[in-house]
Amino acid sequence: MFFNSDLFLREAEKMNIPVQPRQTERFEIYARMLAEKNKVMNVTAVTDPDGIAVKHFADSISILTAADIPQGARVIDVGTGGGFPGIPLLIMRPGINLTLLDSTAKKIDFVSEVVSSLGLTAEAVSARAEELAKEPGHREKYDFCVSRAVASLNVLSELCLPFLRTGGIFISMKGAKASEELDAAEGALKALGAETEKTLDVKLGDGFERKLIVIRKTGETDSKFPRQYGQILKRPL
Ligand code: SAH
């Protein structure tokens, strides 16, 4: 067994997220592929069956406690790495129109392989967020943007918010420092045309605490954003 499915199901139940047997099977396939790939490439530091169940799978689907992403919604996962949180969300909501984005081509090759092995569909793009967000097919086109462990919120907001249509929702997965990050990102949110809607606390097994920051886009983002990555880092909004 590559992940502790009982533990995962308990965590999902605590969050009131029903999981079908077919979905658990898909998580098992995904966990096996993660373990295999990790032998040849560093996809994740978490490799134990309990860790995969809680810190990857349950944590990723906790997004659904913040927003019940409906079938058909266009969703982008910015900096998906080994597929988190995007692939678990796709397993739970197979009808979403998902884009998995990462700047590392090898990670995108891996997530494409996972999605097709699961018999699911998603677009997997190897590009930098600040570049893809300038393309007409992607700019202001998404209903939801999700991201975990990519950058501090002020930097991440500039990478993520340009993808959203007005009214769209950005869910940032943060930890203990969520409120400090939110304070530091206030100016960035205003400049990019967005505001904080709420912050949710999710308690997962083993004392693992997730904070979900839910940000709503309230107006179009100025075409000067996102800037080049060097600028974003040097002078965060
Ligand atoms: N979200 C995953 C991976 C986090 S690691 C998880 O939580 O497990 C951060 C990932 O973001 C890396 O895979 C890195 O390649 C990607 N990344 C960092 N900056 C990026 C950018 N500007 N555009 C696209 N991907 C980026």
# chains A, B, ... in the order shown; residues from 1 in each chain; ligands from 1
>>> select_by_dssp(residues="stretch 16-88 of chain A", states="strand (DSSP E)", output="list in words")
Arg74, Val75, Ile76, Asp77 and Val78 of chain A
>>> residues_near_ligand(ligand="ligand 1", cutoff="10 Å", atoms="only C-alpha atoms and all ligand atoms", output="MDAnalysis selection string")
chainID A and resid 43:46 55:56 59:60 77:86 100:108 125:133 146:151 155:156 158:160 173 228:229 232
>>> write_last_selection(atoms="C-alpha atoms", output="PDB file, in the first residue's frame")
ATOM      1  CA  VAL A  43       8.888  14.909  -6.641  1.00  0.00           C
ATOM      2  CA  THR A  44       8.060  15.026  -2.936  1.00  0.00           C
ATOM      3  CA  ALA A  45       9.788  14.933   0.444  1.00  0.00           C
ATOM      4  CA  VAL A  46       6.736  13.202   1.931  1.00  0.00           C
ATOM      5  CA  LYS A  55      -0.147  16.037   3.965  1.00  0.00           C
ATOM      6  CA  HIS A  56      -0.810  15.526   0.285  1.00  0.00           C
ATOM      7  CA  ASP A  59      -4.627  18.598   2.556  1.00  0.00           C
ATOM      8  CA  SER A  60      -5.242  19.131  -1.175  1.00  0.00           C
ATOM      9  CA  ASP A  77      -3.050  25.166 -10.172  1.00  0.00           C
ATOM     10  CA  VAL A  78      -0.033  27.494 -10.206  1.00  0.00           C
ATOM     11  CA  GLY A  79       3.257  25.714  -9.386  1.00  0.00           C
ATOM     12  CA  THR A  80       1.652  22.273  -9.171  1.00  0.00           C
ATOM     13  CA  GLY A  81       4.961  20.375  -8.738  1.00  0.00           C
ATOM     14  CA  GLY A  82       4.008  16.705  -8.316  1.00  0.00           C
ATOM     15  CA  GLY A  83       0.331  17.645  -8.802  1.00  0.00           C
ATOM     16  CA  PHE A  84      -0.757  19.323  -5.544  1.00  0.00           C
ATOM     17  CA  PRO A  85      -3.435  20.388  -4.978  1.00  0.00           C
ATOM     18  CA  GLY A  86      -4.628  20.057  -8.611  1.00  0.00           C
ATOM     19  CA  LEU A 100      -1.770  22.216 -14.160  1.00  0.00           C
ATOM     20  CA  LEU A 101       1.039  24.750 -14.463  1.00  0.00           C
ATOM     21  CA  ASP A 102       4.689  24.392 -13.540  1.00  0.00           C
ATOM     22  CA  SER A 103       7.893  25.944 -14.825  1.00  0.00           C
ATOM     23  CA  THR A 104       9.717  22.586 -14.625  1.00  0.00           C
ATOM     24  CA  ALA A 105       9.098  20.466 -17.729  1.00  0.00           C
ATOM     25  CA  LYS A 106       9.888  17.176 -15.968  1.00  0.00           C
ATOM     26  CA  LYS A 107       7.203  17.795 -13.367  1.00  0.00           C
ATOM     27  CA  ILE A 108       4.696  18.590 -16.101  1.00  0.00           C
ATOM     28  CA  VAL A 125       1.490  23.412 -19.203  1.00  0.00           C
ATOM     29  CA  SER A 126       5.186  23.878 -18.696  1.00  0.00           C
ATOM     30  CA  ALA A 127       5.672  27.639 -18.453  1.00  0.00           C
ATOM     31  CA  ARG A 128       6.325  30.376 -15.961  1.00  0.00           C
ATOM     32  CA  ALA A 129       3.138  31.777 -14.435  1.00  0.00           C
ATOM     33  CA  GLU A 130       4.158  35.378 -15.105  1.00  0.00           C
ATOM     34  CA  GLU A 131       4.498  34.561 -18.804  1.00  0.00           C
ATOM     35  CA  LEU A 132       1.441  32.346 -19.262  1.00  0.00           C
ATOM     36  CA  ALA A 133      -0.698  34.983 -17.524  1.00  0.00           C
ATOM     37  CA  VAL A 146      -5.256  27.392  -6.394  1.00  0.00           C
ATOM     38  CA  SER A 147      -1.667  27.203  -5.197  1.00  0.00           C
ATOM     39  CA  ARG A 148       0.384  25.545  -2.468  1.00  0.00           C
ATOM     40  CA  ALA A 149       3.977  26.182  -1.361  1.00  0.00           C
ATOM     41  CA  VAL A 150       5.091  28.366  -4.254  1.00  0.00           C
ATOM     42  CA  ALA A 151       5.823  31.870  -2.909  1.00  0.00           C
ATOM     43  CA  VAL A 155       4.480  37.600  -4.716  1.00  0.00           C
ATOM     44  CA  LEU A 156       2.026  34.778  -5.378  1.00  0.00           C
ATOM     45  CA  GLU A 158       0.816  38.833  -8.729  1.00  0.00           C
ATOM     46  CA  LEU A 159       1.422  35.416 -10.327  1.00  0.00           C
ATOM     47  CA  CYS A 160      -2.100  34.123  -9.705  1.00  0.00           C
ATOM     48  CA  MET A 173      -2.874  27.273   0.953  1.00  0.00           C
ATOM     49  CA  GLN A 228       8.992  39.955 -14.763  1.00  0.00           C
ATOM     50  CA  TYR A 229       9.855  37.616 -11.898  1.00  0.00           C
ATOM     51  CA  ILE A 232       8.178  40.926  -8.591  1.00  0.00           C
TER      52      ILE A 232
END
>>> residues_around(residues="A:Ala188", least_positions_apart="3", cutoff="7 Å", atoms="only C-alpha atoms", output="list of chain:residue names")
A:Asn154, A:Ser157, A:Ala185, A:Ala191, A:Leu192, A:Leu237
>>> residues_around(residues="A:Ala58", least_positions_apart="5", cutoff="9 Å", atoms="only C-alpha atoms", output="number ranges by chain")
A: 8-9, 11-12, 52-53, 88, 204
>>> residues_around(residues="A:Asn97", least_positions_apart="2", cutoff="7 Å", atoms="only C-alpha atoms", output="PyMOL selection string")
chain A and resi 72-75+95+99+122
>>> write_last_selection(atoms="all heavy atoms", output="mmCIF file, in the first residue's frame")
data_model
loop_
_atom_site.group_PDB
_atom_site.id
_atom_site.type_symbol
_atom_site.label_atom_id
_atom_site.label_comp_id
_atom_site.auth_asym_id
_atom_site.auth_seq_id
_atom_site.Cartn_x
_atom_site.Cartn_y
_atom_site.Cartn_z
ATOM 1 N N GLY A 72 -17.273 21.698 -14.449
ATOM 2 C CA GLY A 72 -17.248 22.669 -15.545
ATOM 3 C C GLY A 72 -16.446 23.921 -15.233
ATOM 4 O O GLY A 72 -16.078 24.666 -16.135
ATOM 5 N N ALA A 73 -16.134 24.163 -13.948
ATOM 6 C CA ALA A 73 -15.375 25.366 -13.595
ATOM 7 C C ALA A 73 -13.980 25.288 -14.206
ATOM 8 O O ALA A 73 -13.377 24.208 -14.270
ATOM 9 C CB ALA A 73 -15.267 25.498 -12.081
ATOM 10 N N ARG A 74 -13.476 26.424 -14.649
ATOM 11 C CA ARG A 74 -12.104 26.446 -15.157
ATOM 12 C C ARG A 74 -11.173 26.780 -13.983
ATOM 13 O O ARG A 74 -11.331 27.812 -13.324
ATOM 14 C CB ARG A 74 -11.986 27.477 -16.288
ATOM 15 C CG ARG A 74 -10.724 27.247 -17.093
ATOM 16 C CD ARG A 74 -10.702 27.930 -18.436
ATOM 17 N NE ARG A 74 -9.389 27.719 -19.032
ATOM 18 C CZ ARG A 74 -8.876 28.424 -20.014
ATOM 19 N NH1 ARG A 74 -9.583 29.403 -20.566
ATOM 20 N NH2 ARG A 74 -7.666 28.163 -20.480
ATOM 21 N N VAL A 75 -10.215 25.878 -13.742
ATOM 22 C CA VAL A 75 -9.364 25.957 -12.540
ATOM 23 C C VAL A 75 -7.894 25.873 -12.952
ATOM 24 O O VAL A 75 -7.535 25.030 -13.781
ATOM 25 C CB VAL A 75 -9.653 24.746 -11.600
ATOM 26 C CG1 VAL A 75 -8.847 24.844 -10.306
ATOM 27 C CG2 VAL A 75 -11.152 24.612 -11.288
ATOM 28 N N GLY A 95 -15.091 16.545 -13.432
ATOM 29 C CA GLY A 95 -15.646 17.367 -14.522
ATOM 30 C C GLY A 95 -15.111 18.783 -14.567
ATOM 31 O O GLY A 95 -15.565 19.592 -15.371
ATOM 32 N N THR A 99 -6.204 23.230 -15.431
ATOM 33 C CA THR A 99 -4.871 23.454 -15.992
ATOM 34 C C THR A 99 -3.849 23.294 -14.872
ATOM 35 O O THR A 99 -3.976 23.924 -13.817
ATOM 36 C CB THR A 99 -4.759 24.885 -16.581
ATOM 37 O OG1 THR A 99 -5.726 25.029 -17.613
ATOM 38 C CG2 THR A 99 -3.373 25.134 -17.162
ATOM 39 N N ALA A 122 -6.847 16.771 -18.165
ATOM 40 C CA ALA A 122 -6.451 18.107 -17.702
ATOM 41 C C ALA A 122 -5.440 18.634 -18.705
ATOM 42 O O ALA A 122 -4.796 17.857 -19.424
ATOM 43 C CB ALA A 122 -5.831 18.047 -16.317
#
>>> closest_residue(among="A:Thr221, A:Thr166, A:Gln23, A:Ser5", to="A:Phe144", atoms="only C-alpha atoms")
A:Thr166
>>> closest_residue(among="A:Ser223, A:Ser179, A:Thr121, A:Asn42", to="A:Leu90", atoms="only C-alpha atoms")
A:Thr121
>>> closest_residue(among="A:Val214, A:Leu120, A:Ser152, A:Glu186", to="A:Leu233", atoms="only C-alpha atoms")
A:Ser152
>>> select_by_dssp(residues="stretch 50-199 of chain A", states="helix (DSSP H, G or I)", output="VMD selection string")
chain A and resid 50 to 61 63 to 66 86 to 92 105 to 117 129 to 132 153 to 163 178 to 192
>>> closest_residue(among="A:Gln71, A:Ser112, A:Thr218, A:Thr65", to="A:Glu140", atoms="only C-alpha atoms")
A:Thr218
>>> residues_around(residues="A:Val114", least_positions_apart="5", cutoff="9 Å", atoms="only C-alpha atoms", output="MDAnalysis selection string")
chainID A and resid 29:30 33:34 83 87 109 119:120
>>> write_last_selection(atoms="all heavy atoms", output="PDB file, in the first residue's frame")
ATOM      1  N   ILE A  29      -3.587   4.682  -7.223  1.00  0.00           N
ATOM      2  CA  ILE A  29      -2.761   4.692  -8.441  1.00  0.00           C
ATOM      3  C   ILE A  29      -1.778   5.873  -8.406  1.00  0.00           C
ATOM      4  O   ILE A  29      -0.580   5.742  -8.692  1.00  0.00           O
ATOM      5  CB  ILE A  29      -3.654   4.793  -9.705  1.00  0.00           C
ATOM      6  CG1 ILE A  29      -4.516   3.530  -9.838  1.00  0.00           C
ATOM      7  CG2 ILE A  29      -2.814   5.021 -10.974  1.00  0.00           C
ATOM      8  CD1 ILE A  29      -5.597   3.630 -10.914  1.00  0.00           C
ATOM      9  N   TYR A  30      -2.312   7.010  -8.003  1.00  0.00           N
ATOM     10  CA  TYR A  30      -1.485   8.224  -7.926  1.00  0.00           C
ATOM     11  C   TYR A  30      -0.350   8.031  -6.911  1.00  0.00           C
ATOM     12  O   TYR A  30       0.823   8.338  -7.200  1.00  0.00           O
ATOM     13  CB  TYR A  30      -2.411   9.388  -7.544  1.00  0.00           C
ATOM     14  CG  TYR A  30      -1.798  10.771  -7.501  1.00  0.00           C
ATOM     15  CD1 TYR A  30      -0.570  11.071  -8.105  1.00  0.00           C
ATOM     16  CD2 TYR A  30      -2.480  11.807  -6.866  1.00  0.00           C
ATOM     17  CE1 TYR A  30      -0.048  12.365  -8.062  1.00  0.00           C
ATOM     18  CE2 TYR A  30      -1.968  13.090  -6.822  1.00  0.00           C
ATOM     19  CZ  TYR A  30      -0.750  13.368  -7.404  1.00  0.00           C
ATOM     20  OH  TYR A  30      -0.243  14.640  -7.366  1.00  0.00           O
ATOM     21  N   MET A  33       2.354   5.890  -8.339  1.00  0.00           N
ATOM     22  CA  MET A  33       3.160   6.604  -9.327  1.00  0.00           C
ATOM     23  C   MET A  33       4.109   7.606  -8.665  1.00  0.00           C
ATOM     24  O   MET A  33       5.239   7.797  -9.109  1.00  0.00           O
ATOM     25  CB  MET A  33       2.261   7.307 -10.350  1.00  0.00           C
ATOM     26  CG  MET A  33       1.508   6.322 -11.235  1.00  0.00           C
ATOM     27  SD  MET A  33       0.486   7.138 -12.493  1.00  0.00           S
ATOM     28  CE  MET A  33       1.738   7.555 -13.728  1.00  0.00           C
ATOM     29  N   LEU A  34       3.644   8.241  -7.587  1.00  0.00           N
ATOM     30  CA  LEU A  34       4.516   9.167  -6.845  1.00  0.00           C
ATOM     31  C   LEU A  34       5.718   8.420  -6.280  1.00  0.00           C
ATOM     32  O   LEU A  34       6.859   8.882  -6.383  1.00  0.00           O
ATOM     33  CB  LEU A  34       3.751   9.792  -5.676  1.00  0.00           C
ATOM     34  CG  LEU A  34       2.902  11.027  -5.928  1.00  0.00           C
ATOM     35  CD1 LEU A  34       2.050  11.314  -4.685  1.00  0.00           C
ATOM     36  CD2 LEU A  34       3.748  12.247  -6.263  1.00  0.00           C
ATOM     37  N   GLY A  83       1.776  17.704  -8.543  1.00  0.00           N
ATOM     38  CA  GLY A  83       0.331  17.645  -8.802  1.00  0.00           C
ATOM     39  C   GLY A  83      -0.559  18.126  -7.661  1.00  0.00           C
ATOM     40  O   GLY A  83      -1.757  17.843  -7.656  1.00  0.00           O
ATOM     41  N   ILE A  87      -4.249  17.641  -8.788  1.00  0.00           N
ATOM     42  CA  ILE A  87      -4.697  16.285  -9.154  1.00  0.00           C
ATOM     43  C   ILE A  87      -5.713  15.724  -8.145  1.00  0.00           C
ATOM     44  O   ILE A  87      -6.752  15.196  -8.567  1.00  0.00           O
ATOM     45  CB  ILE A  87      -3.498  15.339  -9.415  1.00  0.00           C
ATOM     46  CG1 ILE A  87      -2.750  15.826 -10.672  1.00  0.00           C
ATOM     47  CG2 ILE A  87      -3.979  13.891  -9.598  1.00  0.00           C
ATOM     48  CD1 ILE A  87      -1.523  15.005 -11.048  1.00  0.00           C
ATOM     49  N   ASP A 109       5.694  16.672 -17.273  1.00  0.00           N
ATOM     50  CA  ASP A 109       5.633  15.341 -17.908  1.00  0.00           C
ATOM     51  C   ASP A 109       5.021  14.343 -16.924  1.00  0.00           C
ATOM     52  O   ASP A 109       4.161  13.543 -17.296  1.00  0.00           O
ATOM     53  CB  ASP A 109       7.040  14.843 -18.279  1.00  0.00           C
ATOM     54  CG  ASP A 109       7.624  15.648 -19.429  1.00  0.00           C
ATOM     55  OD1 ASP A 109       6.862  16.377 -20.095  1.00  0.00           O
ATOM     56  OD2 ASP A 109       8.854  15.558 -19.641  1.00  0.00           O
ATOM     57  N   GLY A 119      -7.197   8.033 -16.185  1.00  0.00           N
ATOM     58  CA  GLY A 119      -8.340   8.103 -17.091  1.00  0.00           C
ATOM     59  C   GLY A 119      -9.069   9.435 -16.994  1.00  0.00           C
ATOM     60  O   GLY A 119     -10.258   9.525 -17.270  1.00  0.00           O
ATOM     61  N   LEU A 120      -8.326  10.481 -16.592  1.00  0.00           N
ATOM     62  CA  LEU A 120      -8.939  11.807 -16.445  1.00  0.00           C
ATOM     63  C   LEU A 120      -8.349  12.762 -17.477  1.00  0.00           C
ATOM     64  O   LEU A 120      -7.436  12.386 -18.226  1.00  0.00           O
ATOM     65  CB  LEU A 120      -8.708  12.329 -15.025  1.00  0.00           C
ATOM     66  CG  LEU A 120      -9.363  11.496 -13.916  1.00  0.00           C
ATOM     67  CD1 LEU A 120      -8.883  11.938 -12.538  1.00  0.00           C
ATOM     68  CD2 LEU A 120     -10.888  11.588 -13.998  1.00  0.00           C
TER      69      LEU A 120
END
>>> atom_distance(atom1="atom CA of A:Phe208", atom2="atom CA of A:Val115")
27.3 Å
>>> residues_around(residues="A:Ala194", least_positions_apart="5", cutoff="6 Å", atoms="only C-alpha atoms", output="count of residues only")
4
>>> atom_distance(atom1="atom CA of A:Thr47", atom2="atom CA of A:Asp206")
15.7 Å
>>> atom_distance(atom1="atom CA of A:Lys211", atom2="atom CA of A:Lys134")
29.1 Å
>>> decode(residues="stretch 125-196 of chain A", atoms="C-alpha atoms", output="PDB file, in the first residue's frame")
ATOM      1  CA  VAL A 125       1.490  23.412 -19.203  1.00  0.00           C
ATOM      2  CA  SER A 126       5.186  23.878 -18.696  1.00  0.00           C
ATOM      3  CA  ALA A 127       5.672  27.639 -18.453  1.00  0.00           C
ATOM      4  CA  ARG A 128       6.325  30.376 -15.961  1.00  0.00           C
ATOM      5  CA  ALA A 129       3.138  31.777 -14.435  1.00  0.00           C
ATOM      6  CA  GLU A 130       4.158  35.378 -15.105  1.00  0.00           C
ATOM      7  CA  GLU A 131       4.498  34.561 -18.804  1.00  0.00           C
ATOM      8  CA  LEU A 132       1.441  32.346 -19.262  1.00  0.00           C
ATOM      9  CA  ALA A 133      -0.698  34.983 -17.524  1.00  0.00           C
ATOM     10  CA  LYS A 134      -0.024  37.313 -20.456  1.00  0.00           C
ATOM     11  CA  GLU A 135      -1.459  34.925 -23.027  1.00  0.00           C
ATOM     12  CA  PRO A 136      -4.990  35.710 -24.199  1.00  0.00           C
ATOM     13  CA  GLY A 137      -6.136  32.084 -23.792  1.00  0.00           C
ATOM     14  CA  HIS A 138      -5.220  32.162 -20.110  1.00  0.00           C
ATOM     15  CA  ARG A 139      -5.460  35.767 -18.925  1.00  0.00           C
ATOM     16  CA  GLU A 140      -8.639  36.567 -16.965  1.00  0.00           C
ATOM     17  CA  LYS A 141     -10.086  33.228 -18.065  1.00  0.00           C
ATOM     18  CA  TYR A 142     -10.279  31.165 -14.872  1.00  0.00           C
ATOM     19  CA  ASP A 143     -13.029  30.785 -12.278  1.00  0.00           C
ATOM     20  CA  PHE A 144     -10.592  29.455  -9.659  1.00  0.00           C
ATOM     21  CA  CYS A 145      -6.857  29.612  -9.035  1.00  0.00           C
ATOM     22  CA  VAL A 146      -5.256  27.392  -6.394  1.00  0.00           C
ATOM     23  CA  SER A 147      -1.667  27.203  -5.197  1.00  0.00           C
ATOM     24  CA  ARG A 148       0.384  25.545  -2.468  1.00  0.00           C
ATOM     25  CA  ALA A 149       3.977  26.182  -1.361  1.00  0.00           C
ATOM     26  CA  VAL A 150       5.091  28.366  -4.254  1.00  0.00           C
ATOM     27  CA  ALA A 151       5.823  31.870  -2.909  1.00  0.00           C
ATOM     28  CA  SER A 152       4.833  34.354  -0.211  1.00  0.00           C
ATOM     29  CA  LEU A 153       1.336  35.718  -0.688  1.00  0.00           C
ATOM     30  CA  ASN A 154       2.340  39.168  -1.974  1.00  0.00           C
ATOM     31  CA  VAL A 155       4.480  37.600  -4.716  1.00  0.00           C
ATOM     32  CA  LEU A 156       2.026  34.778  -5.378  1.00  0.00           C
ATOM     33  CA  SER A 157      -0.895  37.173  -5.801  1.00  0.00           C
ATOM     34  CA  GLU A 158       0.816  38.833  -8.729  1.00  0.00           C
ATOM     35  CA  LEU A 159       1.422  35.416 -10.327  1.00  0.00           C
ATOM     36  CA  CYS A 160      -2.100  34.123  -9.705  1.00  0.00           C
ATOM     37  CA  LEU A 161      -4.669  36.920  -9.865  1.00  0.00           C
ATOM     38  CA  PRO A 162      -4.136  37.840 -13.544  1.00  0.00           C
ATOM     39  CA  PHE A 163      -5.485  34.377 -14.463  1.00  0.00           C
ATOM     40  CA  LEU A 164      -8.869  35.034 -12.847  1.00  0.00           C
ATOM     41  CA  ARG A 165     -11.937  36.562 -14.406  1.00  0.00           C
ATOM     42  CA  THR A 166     -13.636  39.290 -12.364  1.00  0.00           C
ATOM     43  CA  GLY A 167     -15.557  37.481  -9.623  1.00  0.00           C
ATOM     44  CA  GLY A 168     -13.141  34.538  -9.733  1.00  0.00           C
ATOM     45  CA  ILE A 169     -11.668  33.017  -6.569  1.00  0.00           C
ATOM     46  CA  PHE A 170      -8.024  32.500  -5.587  1.00  0.00           C
ATOM     47  CA  ILE A 171      -7.435  29.971  -2.799  1.00  0.00           C
ATOM     48  CA  SER A 172      -3.961  30.136  -1.306  1.00  0.00           C
ATOM     49  CA  MET A 173      -2.874  27.273   0.953  1.00  0.00           C
ATOM     50  CA  LYS A 174      -0.861  28.714   3.806  1.00  0.00           C
ATOM     51  CA  GLY A 175       0.359  27.721   7.261  1.00  0.00           C
ATOM     52  CA  ALA A 176       0.875  29.320  10.646  1.00  0.00           C
ATOM     53  CA  LYS A 177       2.055  32.630   9.156  1.00  0.00           C
ATOM     54  CA  ALA A 178      -1.105  33.163   7.082  1.00  0.00           C
ATOM     55  CA  SER A 179      -2.225  36.331   8.824  1.00  0.00           C
ATOM     56  CA  GLU A 180       1.223  37.987   8.601  1.00  0.00           C
ATOM     57  CA  GLU A 181       1.381  37.103   4.919  1.00  0.00           C
ATOM     58  CA  LEU A 182      -2.085  38.492   4.413  1.00  0.00           C
ATOM     59  CA  ASP A 183      -1.139  41.784   6.090  1.00  0.00           C
ATOM     60  CA  ALA A 184       1.936  42.051   3.894  1.00  0.00           C
ATOM     61  CA  ALA A 185      -0.130  41.321   0.774  1.00  0.00           C
ATOM     62  CA  GLU A 186      -2.842  43.926   1.334  1.00  0.00           C
ATOM     63  CA  GLY A 187      -1.271  46.436  -1.051  1.00  0.00           C
ATOM     64  CA  ALA A 188      -0.721  43.770  -3.682  1.00  0.00           C
ATOM     65  CA  LEU A 189      -4.357  42.647  -3.559  1.00  0.00           C
ATOM     66  CA  LYS A 190      -5.588  46.202  -3.973  1.00  0.00           C
ATOM     67  CA  ALA A 191      -3.211  46.889  -6.884  1.00  0.00           C
ATOM     68  CA  LEU A 192      -4.251  43.677  -8.629  1.00  0.00           C
ATOM     69  CA  GLY A 193      -7.998  44.212  -8.184  1.00  0.00           C
ATOM     70  CA  ALA A 194      -8.847  41.729  -5.451  1.00  0.00           C
ATOM     71  CA  GLU A 195      -9.945  41.474  -1.840  1.00  0.00           C
ATOM     72  CA  THR A 196      -9.823  38.903   0.933  1.00  0.00           C
TER      73      THR A 196
END
